[in-house]
Amino acid sequence: MGWYKSLVLPVVRWIDAETAHGLAICALKNNLVPRDDDALDATPILETEVFGRKFANPVGLAAGFDKNAEVPNQALSHGFGFIEIGSVTPEPQPGNPKPRLFRLYSDRAVINRMGFNNEGAAVVAERLRKRARKGILGANLGKNKYSEDAAADYVKGVAALGPYADYLVVNVSSPNTPGLRALQGRGPLEKLLTSVLSARDIHAKGVPVLLKVAPDLTEEDKADIAAVVLKLRLDGMIVSNTTIDRPVGLNSYDQDEKGGLSGPPLMEPSTKVLADFYRLTEGKIPLIGVGGIASGKDAYEKILNGASLVQLYSALVYHGLELVTEIKEDLARRLRKDGFASVADAVGAAYPEISGRKAPVDEARAAKAAVKAKAEPAKAEVAKAAPAAKTAAKTAAKKPASKPAAAKSKAVPKAGPTE
Ligand SMILES: Cc1cc2nc3c(=O)[nH]c(=O)nc-3n(C[C@H](O)[C@H](O)[C@H](O)COP(=O)(O)O)c2cc1C
C-alpha cells in the first residue's frame, strides 16, 4: 500500500471533503506531496498527438480539481499528460452553500453540487499569464449562475483564457447550474458553439475548442449533439461530466445528496455514452473519455471504446496521485500485450469498422462482447470465425442501446434520465 492510502487517507476521512480538497491544493502549492521517482519517465508507447497537440501520455487531470489554476504545473509534475483547469466563469462567484461535496466511501465515489465556485476569468487569466508554460493545459469555461446571455459568458471566457490555453472546453454539462444542460439542445448548442468558434478565431486563433457533455442524454440528444459537432467541425468532445442518475447498488450514506455523481459507478454509463458518440461521429472527432476511471484497465476500456485521451478526478480522492503512475504503467502493459504500437493504434479498436484499426488481439474479444450483448444465435455463429470479428462489431454499432464492445463491466448499462 502506498503512502497516501496508509498515511493520508485514514486521517483525511475525518476531515470534511471540501477542507480536505483545500489541503490538497495547499500541499501541492508548497511541493509537499511526495512524487513517484518515475512519474515523469518518458514512455514512448504512451506518447500521442491529438487535435494538433503532443501529449507525453494520454492520462489527464479532469476539470474541477484545480478550478482556479492554482497548481497546474505542480499537478503536471506528478505525471499527468495534461491538466484541465476550471470551470471558470467570467465573474467570480461563491457557488452553492456548503456542504456541497460528499465522499461516498463504500462506493469510492463522490457527489458534488459545487455550482461553479471560482475566482473568475480575470484572476485565473492573470495566474495563467504568469505561469511558466509547460505541458498541455486545457481551460474549461462555464457561465455565471445569474447571467442571462450564456453565449456572451462563454465568449468572455474564450477572450480571457484562450491566449493561455492549449485547448478550450465549453462546459454545458454541469448539473449544478440551473438551465445549463439545456444548452445541449440542438438549436441552443449550434448557436452557442458558433459564437464560441468565432470568438476563438479572433482571440485565440488555432486553439482547439472541445464540448463537454453530460452522461444523462437521450438517444435523440446524442444524435443532435453529434450532428452539431460534425457540422461545425468542432475539435473534440469530452465525455462525460458527472451524472444526476443514482445507479442501483450504491451503498453509501450520502447517496441521496443532490448533485452530480462521479467515480466508479459512473464508469459504465459514461463509457457507453462515449462509445455512442464515437459511433455517431464515425470516429472523426477526437474524444476525451472521463468518468469512473480508477485503474489502467478502466483507461484502456475508454480508449478501446473511442477515447483518444482520458481524464480522472474522483479516484484520486481514494488513491492519491500515486495512481497516475500506476495507471500509465498498466496501460502501457495492456497496449503491448494486445500488440498495439501506440495509444493511437488502440483508439476505437472495439469498432474496427469505424476506426479501421487492426485490433490484433482485442478484435476477437471485442467481437465476443458485442455478440454477447445481443445474444442472437445466428450472429454468435458468425463471430466464432476469426475474420468475422468486424461483422460482429458492426452489429453492435447498429444497436446503440447495447453494451459497448470490449466494455466488460460489472452491470448492465442503465440509460440516464431525460433532462
Ligand atoms: C468536486 C468536483 C468538481 C467538479 N467540477 C467540475 C467543473 O467545474 N467543470 C467540469 O467540467 N467538470 C467538473 N467536474 C467533473 C469532472 O471533471 C469529471 O467529468 C467527473 O468527475 C467524472 O470523472 P471522475 O469519475 O474521474 O471523477 C467535477 C467533479 C468533481 C468530483
# chains A, B, ... in the order shown; residues from 1 in each chain; ligands from 1
call {"tool": "residues_around", "arguments": {"residues": "stretch 164-169 of chain A", "least_positions_apart": "2", "cutoff": "6 Å", "atoms": "only C-alpha atoms", "output": "list in words"}}
result
Ile136, Leu137, Gly138, Ala139, Asn140, Leu141, Leu161, Gly162, Asn171, Val207, Pro208, Val209, Leu210 and Leu211 of chain A
call {"tool": "residues_near_ligand", "arguments": {"ligand": "ligand 1", "cutoff": "6 Å", "atoms": "only C-alpha atoms and all ligand atoms", "output": "ChimeraX atom specification"}}
result
/A:62-64,86-87,110,112,116,171,240-242,262-263,290-293,312-315
call {"tool": "residues_around", "arguments": {"residues": "A:Gly115", "least_positions_apart": "2", "cutoff": "10 Å", "atoms": "only C-alpha atoms", "output": "list in words"}}
result
Ser87, Gln93, Pro94, Gly95, Asn96, Pro97, Arg100, Asn112, Arg113, Asn117, Asn118, Asn144, Lys145, Ser174, Pro175, Asn176, Thr177, Pro178 and Gly259 of chain A
call {"tool": "write_last_selection", "arguments": {"atoms": "N, CA and C atoms", "output": "short mmCIF file (atom, residue, chain, number, x, y, z; two decimals), in the first residue's frame"}}
result
data_model
loop_
_atom_site.label_atom_id
_atom_site.label_comp_id
_atom_site.auth_asym_id
_atom_site.auth_seq_id
_atom_site.Cartn_x
_atom_site.Cartn_y
_atom_site.Cartn_z
N SER A 87 -14.09 24.59 -13.91
CA SER A 87 -14.66 25.58 -14.81
C SER A 87 -14.50 27.00 -14.25
N GLN A 93 -17.65 33.84 -8.52
CA GLN A 93 -18.91 33.53 -7.82
C GLN A 93 -18.64 32.50 -6.74
N PRO A 94 -19.47 32.55 -5.65
CA PRO A 94 -19.17 31.71 -4.49
C PRO A 94 -19.61 30.25 -4.64
N GLY A 95 -20.50 29.96 -5.58
CA GLY A 95 -21.03 28.59 -5.70
C GLY A 95 -22.14 28.36 -4.71
N ASN A 96 -22.56 27.12 -4.57
CA ASN A 96 -23.69 26.78 -3.70
C ASN A 96 -23.27 26.78 -2.23
N PRO A 97 -24.27 26.87 -1.33
CA PRO A 97 -23.94 26.81 0.11
C PRO A 97 -23.31 25.47 0.48
N ARG A 100 -21.33 20.85 0.14
CA ARG A 100 -21.69 20.68 -1.27
C ARG A 100 -20.80 19.65 -1.94
N ASN A 112 -21.04 15.92 -5.94
CA ASN A 112 -20.76 17.35 -5.72
C ASN A 112 -21.87 18.20 -6.29
N ARG A 113 -22.13 19.30 -5.60
CA ARG A 113 -23.01 20.34 -6.13
C ARG A 113 -22.35 21.69 -5.87
N ASN A 117 -18.09 27.37 -8.20
CA ASN A 117 -17.37 28.31 -7.33
C ASN A 117 -16.01 28.56 -7.96
N ASN A 118 -15.68 29.81 -8.20
CA ASN A 118 -14.36 30.10 -8.79
C ASN A 118 -14.06 31.59 -8.69
N ASN A 144 -21.85 32.21 -15.62
CA ASN A 144 -22.27 32.64 -14.29
C ASN A 144 -23.72 32.26 -14.04
N LYS A 145 -24.00 31.96 -12.76
CA LYS A 145 -25.33 31.47 -12.40
C LYS A 145 -26.44 32.42 -12.85
N SER A 174 -22.60 20.64 -16.49
CA SER A 174 -22.65 20.55 -15.03
C SER A 174 -24.10 20.50 -14.58
N PRO A 175 -24.43 19.59 -13.65
CA PRO A 175 -25.81 19.54 -13.19
C PRO A 175 -26.11 20.60 -12.14
N ASN A 176 -25.12 21.41 -11.77
CA ASN A 176 -25.29 22.29 -10.61
C ASN A 176 -25.52 23.76 -10.94
N THR A 177 -25.67 24.08 -12.22
CA THR A 177 -26.03 25.44 -12.62
C THR A 177 -27.36 25.37 -13.34
N PRO A 178 -28.40 26.01 -12.76
CA PRO A 178 -29.74 25.87 -13.33
C PRO A 178 -29.77 26.23 -14.82
N GLY A 259 -26.89 16.53 -6.58
CA GLY A 259 -25.67 16.91 -7.27
C GLY A 259 -25.25 15.87 -8.28
#
call {"tool": "atom_distance", "arguments": {"atom1": "atom CA of A:Asp254", "atom2": "atom CA of A:Val317"}}
result
16.0 Å
call {"tool": "residues_around", "arguments": {"residues": "stretch 13-19 of chain A", "least_positions_apart": "6", "cutoff": "7 Å", "atoms": "only C-alpha atoms", "output": "CSV table (one decimal) with N, CA and C atoms, in the first residue's frame"}}
result
chain,number,residue,atom,x,y,z
A,101,LEU,N,-20.0,19.0,-1.1
A,101,LEU,CA,-19.1,17.9,-1.6
A,101,LEU,C,-19.1,16.8,-0.7
A,102,PHE,N,-19.4,15.6,-1.2
A,102,PHE,CA,-19.6,14.4,-0.3
A,102,PHE,C,-18.8,13.2,-0.9
A,103,ARG,N,-18.1,12.5,0.1
A,103,ARG,CA,-17.4,11.3,-0.3
A,103,ARG,C,-18.3,10.1,0.0
call {"tool": "atom_distance", "arguments": {"atom1": "atom CA of A:Pro10", "atom2": "atom CA of A:Leu250"}}
result
21.8 Å
